[in-house]
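Dumped target_2.tsv below, it's TSV, C-alpha atoms and all ligand atoms:
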chain	number	residue	atom	x	y	z
T	1	MET	CA	2.76	-16.92	-20.89
T	2	SER	CA	1.74	-20.28	-19.44
T	3	LYS	CA	-1.19	-20.40	-17.05
T	4	THR	CA	0.55	-21.61	-13.95
T	5	LEU	CA	-2.16	-21.11	-11.32
T	6	LYS	CA	-4.94	-23.70	-11.08
T	7	VAL	CA	-8.27	-22.44	-9.74
T	8	GLY	CA	-11.04	-24.38	-7.97
T	9	VAL	CA	-14.42	-22.78	-7.24
T	10	ILE	CA	-16.53	-23.77	-4.21
T	11	GLY	CA	-20.25	-22.96	-4.60
T	12	VAL	CA	-21.10	-22.76	-8.31
T	13	GLY	CA	-24.54	-21.13	-7.99
T	14	GLY	CA	-25.31	-17.55	-9.05
T	15	ILE	CA	-22.32	-15.24	-8.49
T	16	ALA	CA	-19.65	-17.81	-9.36
T	17	ARG	CA	-20.66	-17.50	-13.02
T	18	THR	CA	-19.49	-13.87	-13.06
T	19	HIS	CA	-15.99	-15.02	-11.99
T	20	TYR	CA	-15.38	-17.55	-14.78
T	21	PRO	CA	-14.69	-14.96	-17.55
T	22	GLY	CA	-11.99	-13.44	-15.31
T	23	TRP	CA	-10.28	-16.78	-14.67
T	24	LYS	CA	-10.42	-17.55	-18.40
T	25	GLU	CA	-9.08	-14.13	-19.39
T	26	SER	CA	-6.26	-14.06	-16.80
T	27	PRO	CA	-2.84	-14.82	-18.30
T	28	HIS	CA	-1.91	-16.56	-15.03
T	29	ALA	CA	-4.95	-18.62	-14.01
T	30	GLU	CA	-6.80	-21.65	-15.32
T	31	LEU	CA	-10.16	-22.92	-14.06
T	32	VAL	CA	-9.82	-26.65	-13.31
T	33	ALA	CA	-12.33	-27.80	-10.66
T	34	PHE	CA	-15.72	-27.12	-9.10
T	35	ALA	CA	-17.28	-28.14	-5.76
T	36	ASP	CA	-20.90	-27.76	-4.69
T	37	ILE	CA	-23.05	-29.64	-2.18
T	38	ASN	CA	-25.90	-29.52	-4.73
T	39	SER	CA	-25.00	-32.27	-7.20
T	40	GLU	CA	-27.51	-31.14	-9.83
T	41	ILE	CA	-26.06	-27.59	-9.96
T	42	LEU	CA	-22.53	-29.05	-9.89
T	43	GLN	CA	-23.16	-31.31	-12.91
T	44	ARG	CA	-24.98	-28.57	-14.84
T	45	MET	CA	-22.26	-25.96	-14.29
T	46	GLY	CA	-19.52	-28.51	-15.02
T	47	GLU	CA	-21.09	-29.29	-18.38
T	48	ARG	CA	-21.70	-25.61	-19.16
T	49	GLU	CA	-18.09	-24.59	-18.41
T	50	GLY	CA	-16.37	-27.76	-19.63
T	51	ILE	CA	-15.04	-28.63	-16.15
T	52	THR	CA	-14.81	-32.36	-15.45
T	53	ARG	CA	-13.14	-32.36	-12.02
T	54	LEU	CA	-16.27	-32.08	-9.88
T	55	TYR	CA	-16.49	-32.54	-6.10
T	56	GLU	CA	-19.69	-32.84	-4.08
T	57	ASP	CA	-17.62	-32.44	-0.92
T	58	PRO	CA	-15.69	-29.13	-0.83
T	59	ALA	CA	-13.10	-30.77	1.48
T	60	GLN	CA	-12.02	-32.90	-1.48
T	61	LEU	CA	-11.42	-29.86	-3.66
T	62	ILE	CA	-9.48	-28.22	-0.81
T	63	ALA	CA	-7.36	-31.41	-0.51
T	64	ASP	CA	-6.62	-31.46	-4.27
T	65	SER	CA	-2.86	-30.84	-4.38
T	66	ASP	CA	-3.02	-29.58	-7.98
T	67	ILE	CA	-5.01	-26.48	-6.98
T	68	ASP	CA	-3.35	-23.15	-6.13
T	69	ILE	CA	-6.30	-20.74	-5.79
T	70	ILE	CA	-9.68	-21.39	-4.19
T	71	ASP	CA	-12.59	-19.11	-5.08
T	72	VAL	CA	-15.26	-19.28	-2.32
T	73	CYS	CA	-18.75	-18.44	-3.66
T	74	THR	CA	-21.03	-20.12	-1.11
T	75	PRO	CA	-23.61	-18.41	1.16
T	76	ASN	CA	-21.97	-16.14	3.76
T	77	ARG	CA	-21.97	-18.48	6.77
T	78	TYR	CA	-19.68	-20.98	5.04
T	79	HIS	CA	-17.04	-18.42	3.96
T	80	ALA	CA	-14.95	-18.62	7.15
T	81	PRO	CA	-14.74	-22.41	7.61
T	82	LEU	CA	-14.03	-23.04	3.92
T	83	THR	CA	-11.49	-20.21	3.65
T	84	ILE	CA	-9.65	-21.27	6.82
T	85	ALA	CA	-9.51	-24.90	5.64
T	86	ALA	CA	-8.24	-23.76	2.22
T	87	LEU	CA	-5.53	-21.53	3.73
T	88	GLU	CA	-4.47	-24.35	6.08
T	89	ALA	CA	-4.15	-26.58	3.00
T	90	GLY	CA	-1.76	-24.02	1.47
T	91	LYS	CA	-4.13	-22.39	-1.05
T	92	HIS	CA	-4.55	-18.72	-1.92
T	93	VAL	CA	-8.18	-17.66	-1.39
T	94	ILE	CA	-10.46	-15.12	-3.00
T	95	CYS	CA	-13.77	-15.10	-1.13
T	96	GLU	CA	-17.08	-13.49	-2.03
T	97	LYS	CA	-18.40	-10.62	0.09
T	98	PRO	CA	-19.00	-10.43	2.99
T	99	LEU	CA	-15.63	-12.00	3.86
T	100	ALA	CA	-17.62	-13.33	6.84
T	101	PRO	CA	-20.66	-11.98	8.71
T	102	THR	CA	-18.86	-11.43	12.06
T	103	PRO	CA	-15.57	-9.75	13.10
T	104	ASP	CA	-14.47	-12.85	15.06
T	105	GLU	CA	-14.66	-15.06	11.98
T	106	ILE	CA	-12.62	-12.54	9.97
T	107	ARG	CA	-9.97	-12.39	12.71
T	108	GLN	CA	-9.70	-16.18	12.52
T	109	MET	CA	-9.34	-15.96	8.73
T	110	ILE	CA	-6.56	-13.38	9.12
T	111	THR	CA	-4.77	-15.65	11.60
T	112	ALA	CA	-5.02	-18.58	9.17
T	113	ARG	CA	-3.76	-16.34	6.33
T	114	ASP	CA	-0.77	-15.19	8.34
T	115	LYS	CA	0.13	-18.76	9.37
T	116	SER	CA	-0.10	-19.96	5.77
T	117	GLY	CA	1.73	-17.05	4.13
T	118	LYS	CA	-0.87	-17.17	1.32
T	119	LEU	CA	-2.98	-14.33	-0.11
T	120	LEU	CA	-6.56	-13.67	0.99
T	121	MET	CA	-8.81	-11.23	-0.89
T	122	THR	CA	-12.44	-10.18	-0.48
T	123	ALA	CA	-14.33	-10.04	-3.79
T	124	GLN	CA	-15.42	-6.39	-3.51
T	125	HIS	CA	-15.98	-5.92	-7.21
T	126	PHE	CA	-17.15	-2.30	-7.08
T	127	ARG	CA	-13.52	-1.29	-6.43
T	128	PHE	CA	-12.74	-2.64	-9.92
T	129	THR	CA	-15.31	-0.56	-11.82
T	130	GLY	CA	-13.72	2.06	-14.06
T	131	SER	CA	-15.69	4.87	-12.38
T	132	ALA	CA	-14.55	3.91	-8.86
T	133	LYS	CA	-10.91	3.51	-9.96
T	134	ALA	CA	-10.98	6.91	-11.67
T	135	LEU	CA	-12.42	8.64	-8.59
T	136	LYS	CA	-10.01	6.86	-6.23
T	137	ALA	CA	-7.05	8.00	-8.37
T	138	GLU	CA	-8.22	11.63	-8.12
T	139	ILE	CA	-8.77	11.39	-4.36
T	140	ASP	CA	-5.33	9.84	-3.91
T	141	ARG	CA	-3.91	12.82	-5.85
T	142	GLY	CA	-5.38	14.95	-3.10
T	143	VAL	CA	-8.08	16.80	-5.06
T	144	LEU	CA	-10.59	16.60	-2.18
T	145	GLY	CA	-8.07	17.34	0.56
T	146	ASP	CA	-8.88	15.85	3.94
T	147	VAL	CA	-12.23	14.03	3.60
T	148	TYR	CA	-14.14	14.71	6.82
T	149	HIS	CA	-17.66	13.50	6.01
T	150	ALA	CA	-19.36	10.95	3.76
T	151	ARG	CA	-22.95	10.02	2.96
T	152	SER	CA	-23.54	6.63	1.37
T	153	TRP	CA	-26.52	4.52	0.61
T	154	MET	CA	-27.62	1.42	-1.26
T	155	LEU	CA	-31.41	1.37	-1.39
T	156	ARG	CA	-33.89	-0.87	-3.17
T	157	ARG	CA	-37.63	-0.25	-3.29
T	158	SER	CA	-38.60	-3.93	-3.31
T	159	GLY	CA	-35.43	-5.79	-4.18
T	160	ALA	CA	-34.74	-8.52	-1.65
T	161	PRO	CA	-33.13	-11.81	-2.61
T	162	THR	CA	-35.59	-14.23	-0.96
T	163	SER	CA	-33.62	-17.48	-0.61
T	164	PRO	CA	-32.49	-18.75	2.85
T	165	GLY	CA	-28.90	-17.96	1.84
T	166	PHE	CA	-29.78	-14.23	2.05
T	167	VAL	CA	-32.74	-13.72	4.44
T	168	THR	CA	-31.90	-16.02	7.37
T	169	LYS	CA	-29.39	-15.36	10.14
T	170	GLN	CA	-28.45	-19.03	9.95
T	171	HIS	CA	-27.10	-18.89	6.39
T	172	ALA	CA	-26.54	-15.18	5.70
T	173	GLY	CA	-25.69	-13.74	9.13
T	174	GLY	CA	-27.73	-10.57	8.48
T	175	GLY	CA	-29.94	-8.72	5.98
T	176	PRO	CA	-29.19	-5.82	3.61
T	177	CYS	CA	-26.39	-4.61	5.92
T	178	ILE	CA	-24.46	-7.81	5.33
T	179	ASP	CA	-25.57	-8.30	1.71
T	180	ILE	CA	-25.30	-4.84	0.13
T	181	GLY	CA	-24.14	-2.64	3.02
T	182	VAL	CA	-20.71	-4.26	2.60
T	183	HIS	CA	-20.52	-3.01	-1.01
T	184	ILE	CA	-21.15	0.67	-0.35
T	185	LEU	CA	-19.29	0.65	2.98
T	186	ASP	CA	-16.18	-0.99	1.53
T	187	LEU	CA	-16.17	1.50	-1.35
T	188	THR	CA	-16.66	4.51	0.91
T	189	LEU	CA	-13.99	3.51	3.44
T	190	TRP	CA	-11.56	2.84	0.57
T	191	MET	CA	-12.22	6.29	-0.93
T	192	MET	CA	-11.77	7.88	2.54
T	193	GLY	CA	-8.37	6.16	2.91
T	194	ASN	CA	-9.63	3.48	5.31
T	195	PRO	CA	-9.75	5.55	8.52
T	196	LYS	CA	-10.19	3.52	11.73
T	197	PRO	CA	-13.87	3.36	12.82
T	198	VAL	CA	-14.29	4.02	16.56
T	199	ALA	CA	-18.04	4.34	17.26
T	200	ILE	CA	-21.46	3.88	15.65
T	201	SER	CA	-25.05	4.76	16.40
T	202	GLY	CA	-27.37	2.61	14.31
T	203	ILE	CA	-30.91	1.41	13.88
T	204	THR	CA	-32.56	-1.45	11.99
T	205	GLN	CA	-36.17	-1.50	10.83
T	206	ASP	CA	-38.54	-4.27	9.90
T	207	ARG	CA	-41.76	-2.49	8.91
T	208	LEU	CA	-42.84	-3.45	5.39
T	209	ARG	CA	-42.23	-7.17	4.99
T	210	ARG	CA	-44.78	-8.02	7.70
T	211	GLN	CA	-47.55	-6.14	5.90
T	212	PRO	CA	-49.86	-8.38	3.85
T	213	GLY	CA	-48.98	-8.57	0.17
T	214	TRP	CA	-45.39	-7.29	0.35
T	215	PHE	CA	-43.17	-8.79	-2.30
T	216	SER	CA	-39.74	-8.63	-3.85
T	217	ASN	CA	-39.28	-7.80	-7.51
T	218	TRP	CA	-36.33	-10.19	-7.31
T	219	GLY	CA	-37.99	-13.22	-5.76
T	220	GLY	CA	-41.78	-13.08	-5.45
T	221	PRO	CA	-43.54	-13.11	-2.06
T	222	ILE	CA	-41.73	-12.49	1.23
T	223	PRO	CA	-40.88	-15.94	2.71
T	224	ASP	CA	-41.95	-16.93	6.26
T	225	PHE	CA	-38.39	-17.94	7.18
T	226	TRP	CA	-37.05	-14.32	6.73
T	227	ASP	CA	-35.55	-13.30	10.11
T	228	VAL	CA	-33.16	-10.43	9.22
T	229	GLU	CA	-33.62	-6.64	8.99
T	230	GLU	CA	-35.08	-4.97	5.88
T	231	PHE	CA	-33.63	-1.46	6.45
T	232	ALA	CA	-30.74	-0.02	8.48
T	233	ALA	CA	-29.10	3.34	9.04
T	234	GLY	CA	-25.99	4.33	10.93
T	235	PHE	CA	-23.79	7.26	11.95
T	236	VAL	CA	-20.11	6.29	12.19
T	237	ARG	CA	-17.26	8.18	13.89
T	238	PHE	CA	-13.64	7.59	12.83
T	239	GLU	CA	-10.40	8.00	14.78
T	240	ASN	CA	-9.30	10.89	12.52
T	241	GLY	CA	-12.48	12.90	13.32
T	242	ALA	CA	-14.27	12.03	10.06
T	243	THR	CA	-17.90	10.85	10.07
T	244	LEU	CA	-20.17	8.79	7.80
T	245	VAL	CA	-23.92	8.41	7.41
T	246	ILE	CA	-24.98	5.12	5.83
T	247	GLU	CA	-28.41	3.77	4.79
T	248	VAL	CA	-29.23	0.37	3.29
T	249	SER	CA	-32.50	-1.31	2.37
T	250	TRP	CA	-34.10	-4.14	0.46
T	251	LEU	CA	-37.65	-2.77	0.97
T	252	LEU	CA	-38.38	0.97	1.18
T	253	HIS	CA	-40.78	3.55	-0.29
T	254	HIS	CA	-37.85	5.07	-2.18
T	255	LYS	CA	-38.01	6.37	-5.73
T	256	THR	CA	-35.84	4.00	-7.67
T	257	THR	CA	-36.17	1.31	-10.23
T	258	GLY	CA	-33.80	-1.44	-9.23
T	259	GLU	CA	-31.11	-0.02	-6.99
T	260	ASP	CA	-30.03	3.45	-5.86
T	261	MET	CA	-26.35	3.28	-4.88
T	262	GLN	CA	-24.62	6.59	-4.16
T	263	MET	CA	-21.65	8.00	-2.29
T	264	TRP	CA	-21.01	11.66	-1.45
T	265	LEU	CA	-17.60	12.64	-0.06
T	266	TYR	CA	-16.89	16.04	1.49
T	267	GLY	CA	-13.31	17.23	1.90
T	268	GLU	CA	-11.53	20.47	2.83
T	269	LYS	CA	-10.64	21.21	-0.80
T	270	GLY	CA	-13.56	19.66	-2.67
T	271	GLY	CA	-16.47	17.25	-2.75
T	272	SER	CA	-17.41	14.34	-5.00
T	273	HIS	CA	-20.35	12.22	-6.00
T	274	TRP	CA	-20.22	8.62	-7.19
T	275	PRO	CA	-21.28	7.01	-9.49
T	276	SER	CA	-21.77	10.24	-11.51
T	277	ASN	CA	-18.08	11.07	-10.77
T	278	GLU	CA	-18.68	14.80	-10.45
T	279	LEU	CA	-16.07	16.75	-8.49
T	280	LEU	CA	-17.26	19.92	-6.71
T	281	TRP	CA	-15.21	22.99	-5.75
T	282	THR	CA	-15.69	26.60	-4.69
T	283	ASN	CA	-13.45	29.44	-5.83
T	284	THR	CA	-13.61	31.83	-2.89
T	285	GLU	CA	-11.85	34.64	-4.85
T	286	THR	CA	-14.39	34.71	-7.66
T	287	ARG	CA	-17.17	33.35	-5.46
T	288	GLN	CA	-17.94	30.71	-8.08
T	289	HIS	CA	-18.85	27.09	-7.65
T	290	LEU	CA	-17.16	24.72	-10.10
T	291	ASN	CA	-18.26	21.23	-11.05
T	292	THR	CA	-15.93	18.97	-13.00
T	293	GLN	CA	-17.00	15.77	-14.71
T	294	LEU	CA	-14.53	12.89	-14.58
T	295	VAL	CA	-14.83	10.91	-17.77
T	296	ASN	CA	-14.08	7.25	-17.18
T	297	GLN	CA	-11.94	5.65	-19.88
T	298	GLU	CA	-11.77	2.14	-18.42
T	299	GLY	CA	-14.28	-0.55	-19.37
T	300	GLY	CA	-14.46	-4.23	-18.49
T	301	GLU	CA	-16.69	-6.28	-16.23
T	302	ALA	CA	-15.78	-5.70	-12.58
T	303	HIS	CA	-16.28	-9.28	-11.27
T	304	ALA	CA	-13.97	-10.58	-14.01
T	305	LYS	CA	-11.46	-7.82	-13.29
T	306	GLU	CA	-11.26	-8.66	-9.56
T	307	CYS	CA	-10.33	-12.28	-10.41
T	308	ILE	CA	-7.73	-11.12	-12.94
T	309	ALA	CA	-6.27	-8.76	-10.29
T	310	PHE	CA	-6.09	-11.53	-7.69
T	311	ALA	CA	-4.30	-13.96	-10.03
T	312	GLU	CA	-1.89	-11.16	-11.00
T	313	ALA	CA	-1.14	-10.48	-7.31
T	314	VAL	CA	-0.52	-14.17	-6.59
T	315	ALA	CA	1.66	-14.57	-9.68
T	316	THR	CA	3.78	-11.49	-9.01
T	317	GLY	CA	3.99	-11.78	-5.22
T	318	ALA	CA	2.09	-8.51	-4.72
T	319	SER	CA	-0.17	-7.84	-1.73
T	320	SER	CA	-3.89	-8.65	-1.73
T	321	PRO	CA	-5.88	-6.21	-3.92
T	322	VAL	CA	-8.60	-6.12	-1.20
T	323	PRO	CA	-6.99	-6.95	2.16
T	324	ALA	CA	-8.95	-8.80	4.82
T	325	GLU	CA	-8.16	-6.01	7.28
T	326	HIS	CA	-10.38	-3.65	5.24
T	327	SER	CA	-13.23	-6.19	5.42
T	328	LEU	CA	-12.68	-6.54	9.16
T	329	ASP	CA	-13.35	-2.78	9.53
T	330	VAL	CA	-16.47	-3.05	7.32
T	331	ILE	CA	-17.92	-5.92	9.37
T	332	THR	CA	-16.87	-4.32	12.67
T	333	ILE	CA	-19.01	-1.30	11.68
T	334	LEU	CA	-22.00	-3.45	10.67
T	335	ASP	CA	-21.71	-5.67	13.75
T	336	GLY	CA	-21.60	-2.46	15.79
T	337	LEU	CA	-24.69	-1.17	13.95
T	338	TYR	CA	-26.61	-4.29	15.03
T	339	ARG	CA	-25.33	-3.96	18.62
T	340	SER	CA	-26.23	-0.27	18.71
T	341	ALA	CA	-29.73	-0.98	17.34
T	342	GLU	CA	-30.20	-3.56	20.10
T	343	ALA	CA	-28.84	-1.29	22.84
T	344	GLY	CA	-30.61	1.86	21.63
T	345	LYS	CA	-27.43	3.96	21.94
T	346	GLU	CA	-24.03	4.61	20.36
T	347	VAL	CA	-21.53	1.76	20.84
T	348	SER	CA	-17.74	1.67	20.76
T	349	LEU	CA	-15.97	-0.19	17.95
T	350	VAL	CA	-12.58	-0.34	19.67
U	401	LIG	N1	-20.39	-9.52	-5.48
U	401	LIG	C1	-21.64	-9.60	-5.86
U	401	LIG	O1	-22.10	-8.81	-6.67
U	401	LIG	C2	-22.50	-10.69	-5.31
U	401	LIG	C3	-23.79	-10.90	-5.82
U	401	LIG	C4	-24.53	-11.97	-5.33
U	401	LIG	C5	-24.01	-12.77	-4.34
U	401	LIG	N2	-22.77	-12.53	-3.82
U	401	LIG	C6	-22.22	-13.36	-2.74
U	401	LIG	O2	-21.90	-14.65	-3.27
U	401	LIG	C7	-22.20	-15.66	-2.33
U	401	LIG	C8	-23.11	-16.68	-2.98
U	401	LIG	O3	-24.27	-16.05	-3.45
U	401	LIG	P1	-25.08	-16.62	-4.71
U	401	LIG	O4	-26.05	-15.59	-5.11
U	401	LIG	O5	-24.14	-17.16	-5.72
U	401	LIG	O6	-25.85	-17.81	-3.98
U	401	LIG	P2	-26.44	-19.14	-4.67
U	401	LIG	O7	-27.37	-19.72	-3.66
U	401	LIG	O8	-26.95	-18.83	-6.04
U	401	LIG	O9	-25.17	-20.09	-4.85
U	401	LIG	C9	-24.49	-20.61	-3.76
U	401	LIG	C10	-24.05	-22.02	-4.10
U	401	LIG	O10	-23.26	-22.53	-3.00
U	401	LIG	C11	-23.63	-23.88	-2.78
U	401	LIG	N3	-23.28	-24.20	-1.40
U	401	LIG	C12	-23.93	-23.87	-0.26
U	401	LIG	N4	-23.26	-24.28	0.82
U	401	LIG	C13	-22.14	-24.89	0.36
U	401	LIG	C14	-21.03	-25.53	0.98
U	401	LIG	N5	-20.92	-25.58	2.31
U	401	LIG	N6	-20.08	-26.07	0.19
U	401	LIG	C15	-20.16	-26.00	-1.15
U	401	LIG	N7	-21.19	-25.42	-1.81
U	401	LIG	C16	-22.16	-24.85	-1.06
U	401	LIG	C17	-25.11	-23.95	-3.09
U	401	LIG	O11	-25.52	-25.26	-3.40
U	401	LIG	C18	-25.21	-23.01	-4.30
U	401	LIG	O12	-25.05	-23.69	-5.53
U	401	LIG	C19	-22.80	-14.96	-1.11
U	401	LIG	O13	-21.81	-14.80	-0.13
U	401	LIG	C20	-23.24	-13.60	-1.63
U	401	LIG	O14	-23.15	-12.58	-0.67
U	401	LIG	C21	-22.01	-11.52	-4.31
Written as structure tokens, that's how I'd like the structure from this file.
Ligand SMILES: NC(=O)c1ccc[n+]([C@@H]2O[C@H](COP(=O)([O-])OP(=O)(O)OC[C@H]3O[C@@H](n4cnc5c(N)ncnc54)[C@H](O)[C@@H]3O)[C@@H](O)[C@H]2O)c1
Amino acid sequence: MSKTLKVGVIGVGGIARTHYPGWKESPHAELVAFADINSEILQRMGEREGITRLYEDPAQLIADSDIDIIDVCTPNRYHAPLTIAALEAGKHVICEKPLAPTPDEIRQMITARDKSGKLLMTAQHFRFTGSAKALKAEIDRGVLGDVYHARSWMLRRSGAPTSPGFVTKQHAGGGPCIDIGVHILDLTLWMMGNPKPVAISGITQDRLRRQPGWFSNWGGPIPDFWDVEEFAAGFVRFENGATLVIEVSWLLHHKTTGEDMQMWLYGEKGGSHWPSNELLWTNTETRQHLNTQLVNQEGGEAHAKECIAFAEAVATGASSPVPAEHSLDVITILDGLYRSAEAGKEVSLV
């Protein structure tokens, strides 16, 4: 099969590198161009990947008529303007998470997508892990019944990325909510069948980073320019009566090395835990509790798999593997969490 779709990547820093194996492995896509405002990174990554079409101005890559798919991997604040420009230029777009830090930006991206008739996907790679796909398949078969409550968290003990692209409102749009909250929230909503969120009560905390000597295992000392939250928690109500408790942190006295990411789902027929993929039931006739272990048979690297899935969808005319509407709900919840924290009370999301 010939590789008919030409891919250009904007922002060739850290995460973009995890996408290249997917573009190379896809039977439909071919990596042809890079853009980055940092010329040193641009040259280095071009040499490393054998890409010679290099643009210091992303507008030039967007204007390149040879390109079919644009892969946006810049800091969060630049996702919306670059994605909208790319869609207006007739490109399909896969964009790193968060799709954008605010609901308004995502609505504008959806409008641009609908005008262009092109595909737009958020790079929520956890959906492409074998364990998540296996659990989702079981839930879709109805093994949990109606899921009426979820508990999800993504907690790090001292694991904050410390560059301006992550810890300033100007470039990131928010802290761990916007960085890692989107991962666990997207996954949980997807498992729950994407019910409509209607209200949230949330708090943010900023207690540890101001103490002398605090540090990140990921980036050394806490920088002075950090102006986002370090911890957040929320209680979400959905239109169908379901509820969700979510907690996220970059700095917390929590027992974990690295990252503790978990999701508990509670349904009328059964419960489940991810990532262990245990399913939990009760036999009321025998008064026994039963635990079943799902054994995941699917391997592969999830960032690569999301790119392969996007190219497949574009090539076959299928719908977006992660629709922007799902990301709009995720960011509506997190935007509501910030508003609720500010107001000190539950806020409406509709
Ligand atoms: N899915 C994941 O697991 C995951 C992990 C890390 C980061 N991310 C996301 O990826 C995005 C980038 O994060 P990163 O860690 O790669 O950051 P990074 O700082 O390592 O790389 C970003 C690159 O974008 C370039 N850039 C900045 N503004 C630009 C612009 N306007 N036009 C073109 N290039 C521009 C920078 O020069 C840099 O090379 C963020 O949105 C982040 O949330 C996702």
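With only C-alpha atoms and all ligand atoms as the atoms that count, the minimum distance from ligand LIG 401 (chain U) to the choices T:Asp71, T:Glu342, T:Glu25, T:Asp57 is reached by T:Asp57.
Using all atoms listed in the file, residues with at least one atom at most 7 Å away from any atom of ligand LIG 401 (chain U) are Ile10, Gly11, Val12, Gly13, Gly14, Ile15, Ala16, Ala35, Asp36, Ile37, Asn38, Ile41, Asp57, Pro58, Cys73, Thr74, Pro75, Asn76, Tyr78, Glu96, Lys97, Pro98, Ala123, Gln124, His125, Gly165 and Asp179 of chain T.
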With segment 231-242 of chain T as the partner and 10 Å as the cut-off, tabulate the residues of segment 117-149 of chain T that qualify, each row holding the nearest pair of atoms and their distance in Å to one decimal, using all atoms listed in the file, sorted by chain and rising number, as JSON lines.
{"residue": "T:Asp146", "atom": "CA", "partner": "T:Ala242", "partner_atom": "CA", "distance": 9.0}
{"residue": "T:Val147", "atom": "CA", "partner": "T:Ala242", "partner_atom": "CA", "distance": 7.1}
{"residue": "T:Tyr148", "atom": "CA", "partner": "T:Ala242", "partner_atom": "CA", "distance": 4.2}
{"residue": "T:His149", "atom": "CA", "partner": "T:Ala242", "partner_atom": "CA", "distance": 5.5}
Protein, DNA and RNA residues within 6 Å of (-2.2, -9.6, -11.6), all atoms listed in the file, as a VMD selection string: chain T and resid 308 to 313
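In terms of minimum interatomic distance to Val248 of chain T, T:Ile184 ranks closest within T:Val350, T:Ile106, T:Ile184, T:Leu189, counting all atoms listed in the file.
Closest approach to His183 of chain T among T:Leu279, T:Met109, T:Met263, T:Ala137: T:Met263, based on all atoms listed in the file.
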